[in-house]
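In what follows, a structure is listed as structure tokens, so that the remarks can point back to it.
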Amino acid sequence: MPFAPSIAILTLVQAALVALPARRSLPFAVRLESRWWAVVLPGSIVLVVTGIALVPELADALTYLALVAVPILAALALAWAMHGARIGLAVLPIPLFALAWAIPETLTGEAAAVALSALACVALGTLIAGVVPIRWLRLGIYAMAIVDACLVTGDLLQSPNAVLNAAAPAASLPQLQFAHFGDAVLGFGDLFVAGVLGAMLAGERQLQLRATGLAACLVLAFDLLFFFVSELPATVPIALTLALLELSARRRPVSDSASRPLAPSGPRGAAA
């Protein structure tokens, strides 16, 4: 598939992740809750880029980590973390993994791998949103986008990214450390930040759906920049979505319940 429709599909999947997380209770969240978990968002980019630049073999370790963790997290999303989750759906990663392994060079196999990585990010987003107070979660999303943009514009992300994308597990097992469809590639972190935003907004379904539509418009508009550059920080449209939602919330009456999830508040407690 040519690059233009490929990247459009991938970024629309990214935007759709904002709509998937449901509000879930985490009984252990009260004990684990800390603003420092928000560092995971920008820190994940910095650690991966720096680590691979210093120790290229780290890319192989991350590949195997994703190979094991992604299907498990995808099962968690289908059984618990997303809207419409059912215990019985937890088996779906098995056929998705089989397709991604059996026919990796086809659009069907690539779509199966993308689905696994996307679902895993729904679970990760729900988990991290359950232990980070909203105000710090917002800052984490903004910080991740800023770090991503700085690394891309400084030409510091491209080389480690290439090493990570080239790493492949043995026996032609699927590469789940990034999203690949047609001629386009999207980083795992780009999907992760969308899952985090969706989980942060999960308490207000209408707001979550509005954010999904806004994110879809922004990612498609952002894709137009590929006419001029070969790589973009795909976390930026998600951060812009949050910024526009916050700006809109500030312009509404304080009594407007739709603005509550974005208003400065205390810790979230045990809900995601």
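By order in the structure tokens, chains are A, B, ...; within a chain, residues start at 1; ligands start at 1, following the order shown.
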
Exercise. Using only C-alpha atoms, determine which residues lie at most 9 Å from segment 217-220 of chain A, disregarding the query and same-chain residues fewer than 2 positions distant; provide the list as a PyMOL selection string.
Key: chain A and resi 7-8+11-12+14-15+212-215+222-224+234+236-238+240-241

Write out the residues from the selection above, keeping C-alpha atoms, as a short mmCIF file (atom, residue, chain, number, x, y, z; two decimals), in the first residue's frame.
data_model
loop_
_atom_site.label_atom_id
_atom_site.label_comp_id
_atom_site.auth_asym_id
_atom_site.auth_seq_id
_atom_site.Cartn_x
_atom_site.Cartn_y
_atom_site.Cartn_z
CA ILE A 7 0.14 6.65 7.28
CA ALA A 8 -3.45 7.92 7.24
CA THR A 11 -2.65 7.77 12.50
CA LEU A 12 -6.42 7.20 12.49
CA GLN A 14 -3.78 6.31 16.90
CA ALA A 15 -6.69 8.75 17.17
CA THR A 212 -11.27 11.35 19.41
CA GLY A 213 -12.80 13.34 16.57
CA LEU A 214 -10.50 16.27 17.25
CA ALA A 215 -7.46 13.99 17.36
CA PHE A 222 -0.28 16.70 10.65
CA ASP A 223 0.24 13.94 8.05
CA LEU A 224 0.26 16.60 5.32
CA ALA A 234 3.47 11.85 16.06
CA VAL A 236 2.41 16.21 19.00
CA PRO A 237 -1.17 15.99 17.57
CA ILE A 238 -2.27 14.13 20.71
CA LEU A 240 -2.46 19.47 20.75
CA THR A 241 -5.76 17.64 21.21
#

Do you have, as JSON lines, the list of residues of segment 167-247 of chain A lying at most 9 Å from segment 84-101 of chain A, each with its nearest atom pair and that distance in Å to one decimal, counting only C-alpha atoms and ordered by chain then number?
{"residue": "A:Ser172", "atom": "CA", "partner": "A:Trp101", "partner_atom": "CA", "distance": 7.0}
{"residue": "A:Leu173", "atom": "CA", "partner": "A:Trp101", "partner_atom": "CA", "distance": 5.4}
{"residue": "A:Pro174", "atom": "CA", "partner": "A:Trp101", "partner_atom": "CA", "distance": 5.2}
{"residue": "A:Gln175", "atom": "CA", "partner": "A:Ala100", "partner_atom": "CA", "distance": 8.6}

Can you write just those residues out, C-alpha atoms, as a short mmCIF file (atom, residue, chain, number, x, y, z; two decimals), in the first residue's frame?
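And here is the file that came out, selection.cif:
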data_model
loop_
_atom_site.label_atom_id
_atom_site.label_comp_id
_atom_site.auth_asym_id
_atom_site.auth_seq_id
_atom_site.Cartn_x
_atom_site.Cartn_y
_atom_site.Cartn_z
CA SER A 172 10.27 -14.79 12.05
CA LEU A 173 8.10 -13.98 15.06
CA PRO A 174 6.18 -10.69 14.73
CA GLN A 175 7.76 -7.35 15.54
#

Residues of segment 175-198 of chain A that have any atom at most 12 Å from an atom of segment 28-48 of chain A: could you tabulate them with the shortest-distance atom pair and the distance in Å to one decimal, using only C-alpha atoms, ordered by chain and increasing number, as JSON lines?
{"residue": "A:Gln177", "atom": "CA", "partner": "A:Val48", "partner_atom": "CA", "distance": 11.3}
{"residue": "A:Gly187", "atom": "CA", "partner": "A:Ile45", "partner_atom": "CA", "distance": 10.0}
{"residue": "A:Phe188", "atom": "CA", "partner": "A:Ile45", "partner_atom": "CA", "distance": 9.8}
{"residue": "A:Gly189", "atom": "CA", "partner": "A:Ile45", "partner_atom": "CA", "distance": 7.3}
{"residue": "A:Asp190", "atom": "CA", "partner": "A:Ile45", "partner_atom": "CA", "distance": 10.0}
{"residue": "A:Leu191", "atom": "CA", "partner": "A:Leu41", "partner_atom": "CA", "distance": 11.5}
{"residue": "A:Phe192", "atom": "CA", "partner": "A:Leu41", "partner_atom": "CA", "distance": 8.4}
{"residue": "A:Val193", "atom": "CA", "partner": "A:Leu41", "partner_atom": "CA", "distance": 7.3}
{"residue": "A:Ala194", "atom": "CA", "partner": "A:Leu41", "partner_atom": "CA", "distance": 11.1}
{"residue": "A:Gly195", "atom": "CA", "partner": "A:Leu41", "partner_atom": "CA", "distance": 11.3}
{"residue": "A:Val196", "atom": "CA", "partner": "A:Leu41", "partner_atom": "CA", "distance": 9.1}
{"residue": "A:Leu197", "atom": "CA", "partner": "A:Leu41", "partner_atom": "CA", "distance": 11.3}

For the residues in that selection, give me N, CA and C atoms as a PDB file, in the first residue's frame.
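Result file is part-v8.pdb:
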ATOM      1  N   GLN A 177       7.181  -4.106  18.574  1.00  0.00           N
ATOM      2  CA  GLN A 177       7.739  -2.934  19.254  1.00  0.00           C
ATOM      3  C   GLN A 177       7.418  -1.635  18.533  1.00  0.00           C
ATOM      4  N   GLY A 187       5.613   4.797  15.838  1.00  0.00           N
ATOM      5  CA  GLY A 187       6.264   4.304  17.042  1.00  0.00           C
ATOM      6  C   GLY A 187       5.271   3.832  18.090  1.00  0.00           C
ATOM      7  N   PHE A 188       5.711   2.916  18.927  1.00  0.00           N
ATOM      8  CA  PHE A 188       4.861   2.407  20.012  1.00  0.00           C
ATOM      9  C   PHE A 188       4.456   3.541  20.943  1.00  0.00           C
ATOM     10  N   GLY A 189       5.384   4.462  21.193  1.00  0.00           N
ATOM     11  CA  GLY A 189       5.076   5.588  22.076  1.00  0.00           C
ATOM     12  C   GLY A 189       3.988   6.482  21.538  1.00  0.00           C
ATOM     13  N   ASP A 190       3.872   6.564  20.206  1.00  0.00           N
ATOM     14  CA  ASP A 190       2.821   7.382  19.597  1.00  0.00           C
ATOM     15  C   ASP A 190       1.439   6.807  19.890  1.00  0.00           C
ATOM     16  N   LEU A 191       1.346   5.487  19.921  1.00  0.00           N
ATOM     17  CA  LEU A 191       0.090   4.827  20.290  1.00  0.00           C
ATOM     18  C   LEU A 191      -0.146   4.930  21.800  1.00  0.00           C
ATOM     19  N   PHE A 192       0.930   4.791  22.553  1.00  0.00           N
ATOM     20  CA  PHE A 192       0.831   4.825  24.011  1.00  0.00           C
ATOM     21  C   PHE A 192       0.268   6.150  24.506  1.00  0.00           C
ATOM     22  N   VAL A 193       0.754   7.266  23.964  1.00  0.00           N
ATOM     23  CA  VAL A 193       0.290   8.564  24.455  1.00  0.00           C
ATOM     24  C   VAL A 193      -1.195   8.764  24.157  1.00  0.00           C
ATOM     25  N   ALA A 194      -1.673   8.210  23.038  1.00  0.00           N
ATOM     26  CA  ALA A 194      -3.102   8.302  22.729  1.00  0.00           C
ATOM     27  C   ALA A 194      -3.920   7.480  23.715  1.00  0.00           C
ATOM     28  N   GLY A 195      -3.413   6.303  24.084  1.00  0.00           N
ATOM     29  CA  GLY A 195      -4.102   5.499  25.087  1.00  0.00           C
ATOM     30  C   GLY A 195      -4.159   6.191  26.435  1.00  0.00           C
ATOM     31  N   VAL A 196      -3.093   6.897  26.783  1.00  0.00           N
ATOM     32  CA  VAL A 196      -3.073   7.635  28.051  1.00  0.00           C
ATOM     33  C   VAL A 196      -4.101   8.761  28.038  1.00  0.00           C
ATOM     34  N   LEU A 197      -4.163   9.516  26.950  1.00  0.00           N
ATOM     35  CA  LEU A 197      -5.152  10.589  26.862  1.00  0.00           C
ATOM     36  C   LEU A 197      -6.562  10.021  26.951  1.00  0.00           C
TER      37      LEU A 197
END

Please tabulate, as JSON lines, the residues of segment 5-28 of chain A that come within 10 Å of segment 124-131 of chain A, each with its closest pair of atoms and the distance in Å to one decimal, counting only C-alpha atoms and ordering rows by chain, then residue number upward.
{"residue": "A:Leu17", "atom": "CA", "partner": "A:Gly125", "partner_atom": "CA", "distance": 9.6}
{"residue": "A:Val18", "atom": "CA", "partner": "A:Gly125", "partner_atom": "CA", "distance": 9.7}
{"residue": "A:Leu20", "atom": "CA", "partner": "A:Thr126", "partner_atom": "CA", "distance": 9.9}
{"residue": "A:Pro21", "atom": "CA", "partner": "A:Thr126", "partner_atom": "CA", "distance": 6.4}
{"residue": "A:Ala22", "atom": "CA", "partner": "A:Thr126", "partner_atom": "CA", "distance": 7.6}
{"residue": "A:Arg23", "atom": "CA", "partner": "A:Thr126", "partner_atom": "CA", "distance": 7.7}
{"residue": "A:Arg24", "atom": "CA", "partner": "A:Thr126", "partner_atom": "CA", "distance": 7.5}
{"residue": "A:Ser25", "atom": "CA", "partner": "A:Gly130", "partner_atom": "CA", "distance": 7.5}
{"residue": "A:Leu26", "atom": "CA", "partner": "A:Gly130", "partner_atom": "CA", "distance": 6.4}
{"residue": "A:Pro27", "atom": "CA", "partner": "A:Gly130", "partner_atom": "CA", "distance": 9.5}
{"residue": "A:Phe28", "atom": "CA", "partner": "A:Val131", "partner_atom": "CA", "distance": 8.8}

Exercise. Kindly give the distance, in Å, that separates atom CA of Pro56 of chain A and atom CA of Val70 of chain A, rounded to a single decimal.
Key: 21.5 Å

Self-check item: Test item, helix (DSSP H, G or I) assignment across segment 72-248 of chain A, answer as a PyMOL selection string
Solution: chain A and resi 72-81+87-91+93-102+107-129+134-153+158-166+170-172+188-200+205-227+236-248

Practice problem: Mind listing the strand (DSSP E or B) residues of segment 106-192 of chain A, per DSSP on the backbone, as a ChimeraX atom specification? | Solution: /A:178-181,184-187

Quiz item: For the atom pair atom CA of Asn161 of chain A and atom CA of Val122 of chain A, what is the interatomic distance in Å to one decimal place?
Solution: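 Atom-to-atom, atom CA of Asn161 of chain A and atom CA of Val122 of chain A are spaced 22.4 Å apart.
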
Exercise. Find the spatial neighbours of Phe178 of chain A, counting only C-alpha atoms, within a cut-off of 12 Å - ignore same-chain residues fewer than 4 positions away - and output them as an MDAnalysis selection string.
Key: chainID A and resid 10 59 62:63 66:67 70 110 113:118 120:121 161:168 174 184:192

The selected residues should be written to file as an mmCIF file, in the first residue's frame (atoms: N, CA and C atoms).
data_model
loop_
_atom_site.group_PDB
_atom_site.id
_atom_site.type_symbol
_atom_site.label_atom_id
_atom_site.label_comp_id
_atom_site.auth_asym_id
_atom_site.auth_seq_id
_atom_site.Cartn_x
_atom_site.Cartn_y
_atom_site.Cartn_z
ATOM 1 N N LEU A 10 -2.726 4.425 9.864
ATOM 2 C CA LEU A 10 -2.033 4.281 11.146
ATOM 3 C C LEU A 10 -2.369 5.425 12.107
ATOM 4 N N ALA A 59 17.991 -2.850 21.496
ATOM 5 C CA ALA A 59 16.860 -2.970 20.570
ATOM 6 C C ALA A 59 16.349 -4.401 20.510
ATOM 7 N N LEU A 62 14.336 -5.086 23.672
ATOM 8 C CA LEU A 62 13.024 -4.446 23.602
ATOM 9 C C LEU A 62 12.088 -5.193 22.663
ATOM 10 N N THR A 63 12.656 -5.767 21.609
ATOM 11 C CA THR A 63 11.847 -6.546 20.670
ATOM 12 C C THR A 63 11.232 -7.753 21.362
ATOM 13 N N ALA A 66 8.560 -6.681 23.919
ATOM 14 C CA ALA A 66 7.285 -6.404 23.258
ATOM 15 C C ALA A 66 6.610 -7.689 22.805
ATOM 16 N N LEU A 67 7.394 -8.657 22.338
ATOM 17 C CA LEU A 67 6.833 -9.925 21.868
ATOM 18 C C LEU A 67 6.059 -10.637 22.970
ATOM 19 N N VAL A 70 3.202 -7.421 24.816
ATOM 20 C CA VAL A 70 2.110 -6.848 24.021
ATOM 21 C C VAL A 70 0.883 -7.760 23.965
ATOM 22 N N GLU A 110 -0.029 -7.452 8.897
ATOM 23 C CA GLU A 110 0.385 -6.177 9.484
ATOM 24 C C GLU A 110 -0.735 -5.567 10.320
ATOM 25 N N ALA A 113 -0.866 -7.270 13.696
ATOM 26 C CA ALA A 113 0.190 -6.796 14.586
ATOM 27 C C ALA A 113 -0.122 -5.402 15.123
ATOM 28 N N VAL A 114 -0.633 -4.518 14.255
ATOM 29 C CA VAL A 114 -1.012 -3.169 14.690
ATOM 30 C C VAL A 114 -2.116 -3.248 15.750
ATOM 31 N N ALA A 115 -3.089 -4.137 15.545
ATOM 32 C CA ALA A 115 -4.179 -4.288 16.509
ATOM 33 C C ALA A 115 -3.647 -4.719 17.866
ATOM 34 N N LEU A 116 -2.697 -5.638 17.881
ATOM 35 C CA LEU A 116 -2.109 -6.080 19.151
ATOM 36 C C LEU A 116 -1.409 -4.930 19.875
ATOM 37 N N SER A 117 -0.580 -4.193 19.135
ATOM 38 C CA SER A 117 0.144 -3.078 19.755
ATOM 39 C C SER A 117 -0.812 -1.983 20.236
ATOM 40 N N ALA A 118 -1.849 -1.711 19.444
ATOM 41 C CA ALA A 118 -2.812 -0.674 19.820
ATOM 42 C C ALA A 118 -3.581 -1.078 21.076
ATOM 43 N N ALA A 120 -2.619 -3.133 23.366
ATOM 44 C CA ALA A 120 -1.694 -3.099 24.500
ATOM 45 C C ALA A 120 -1.573 -1.690 25.064
ATOM 46 N N CYS A 121 -1.602 -0.691 24.183
ATOM 47 C CA CYS A 121 -1.502 0.700 24.637
ATOM 48 C C CYS A 121 -2.755 1.164 25.360
ATOM 49 N N ASN A 161 15.759 4.896 16.100
ATOM 50 C CA ASN A 161 14.496 4.349 15.607
ATOM 51 C C ASN A 161 14.741 3.297 14.533
ATOM 52 N N ALA A 162 15.668 3.577 13.644
ATOM 53 C CA ALA A 162 15.978 2.634 12.574
ATOM 54 C C ALA A 162 16.521 1.324 13.137
ATOM 55 N N VAL A 163 17.348 1.422 14.173
ATOM 56 C CA VAL A 163 17.898 0.218 14.809
ATOM 57 C C VAL A 163 16.782 -0.581 15.474
ATOM 58 N N LEU A 164 15.879 0.113 16.174
ATOM 59 C CA LEU A 164 14.781 -0.561 16.847
ATOM 60 C C LEU A 164 13.845 -1.227 15.842
ATOM 61 N N ASN A 165 13.548 -0.539 14.765
ATOM 62 C CA ASN A 165 12.629 -1.086 13.768
ATOM 63 C C ASN A 165 13.236 -2.256 13.005
ATOM 64 N N ALA A 166 14.570 -2.282 12.927
ATOM 65 C CA ALA A 166 15.239 -3.376 12.223
ATOM 66 C C ALA A 166 15.370 -4.625 13.086
ATOM 67 N N ALA A 167 15.284 -4.464 14.393
ATOM 68 C CA ALA A 167 15.425 -5.616 15.294
ATOM 69 C C ALA A 167 14.239 -6.559 15.130
ATOM 70 N N ALA A 168 14.537 -7.829 14.992
ATOM 71 C CA ALA A 168 13.475 -8.821 14.783
ATOM 72 C C ALA A 168 13.759 -10.057 15.618
ATOM 73 N N PRO A 174 6.571 -12.065 15.082
ATOM 74 C CA PRO A 174 6.184 -10.687 14.732
ATOM 75 C C PRO A 174 6.934 -9.626 15.535
ATOM 76 N N ALA A 184 4.133 2.615 5.871
ATOM 77 C CA ALA A 184 4.263 3.578 6.970
ATOM 78 C C ALA A 184 4.573 2.877 8.293
ATOM 79 N N VAL A 185 5.238 3.609 9.169
ATOM 80 C CA VAL A 185 5.598 3.106 10.500
ATOM 81 C C VAL A 185 5.233 4.160 11.538
ATOM 82 N N LEU A 186 4.697 3.689 12.656
ATOM 83 C CA LEU A 186 4.372 4.574 13.778
ATOM 84 C C LEU A 186 4.985 3.964 15.028
ATOM 85 N N GLY A 187 5.613 4.797 15.838
ATOM 86 C CA GLY A 187 6.264 4.304 17.042
ATOM 87 C C GLY A 187 5.271 3.832 18.090
ATOM 88 N N PHE A 188 5.711 2.916 18.927
ATOM 89 C CA PHE A 188 4.861 2.407 20.012
ATOM 90 C C PHE A 188 4.456 3.541 20.943
ATOM 91 N N GLY A 189 5.384 4.462 21.193
ATOM 92 C CA GLY A 189 5.076 5.588 22.076
ATOM 93 C C GLY A 189 3.988 6.482 21.538
ATOM 94 N N ASP A 190 3.872 6.564 20.206
ATOM 95 C CA ASP A 190 2.821 7.382 19.597
ATOM 96 C C ASP A 190 1.439 6.807 19.890
ATOM 97 N N LEU A 191 1.346 5.487 19.921
ATOM 98 C CA LEU A 191 0.090 4.827 20.290
ATOM 99 C C LEU A 191 -0.146 4.930 21.800
ATOM 100 N N PHE A 192 0.930 4.791 22.553
ATOM 101 C CA PHE A 192 0.831 4.825 24.011
ATOM 102 C C PHE A 192 0.268 6.150 24.506
#

Quiz prompt | Residue among A:Gly154, A:Pro160, A:Pro233, A:Pro169 lying closest to Val68 of chain A, counting only C-alpha atoms | solution =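 Under the stated criterion, the closest residue is A:Pro169.
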
Quiz item: Which residue, A:Leu244, A:Leu209, A:Ala4, A:Val13, has the smallest gap to Ser230 of chain A when you use only C-alpha atoms?
Solution: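 Result for the nearest residue to Ser230 of chain A: A:Ala4.
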
Quiz item: How many Å separate atom CA of Leu247 of chain A from atom CA of Leu207 of chain A?
Solution: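 Computing it gives 13.4 Å between the two atoms.
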
Quiz prompt | Who sits within 7 Å of Ala145 of chain A, only C-alpha atoms, same chain under 4 positions skipped, as an NGL selection string | solution = :A and (141 or 149 or 235-236 or 239)
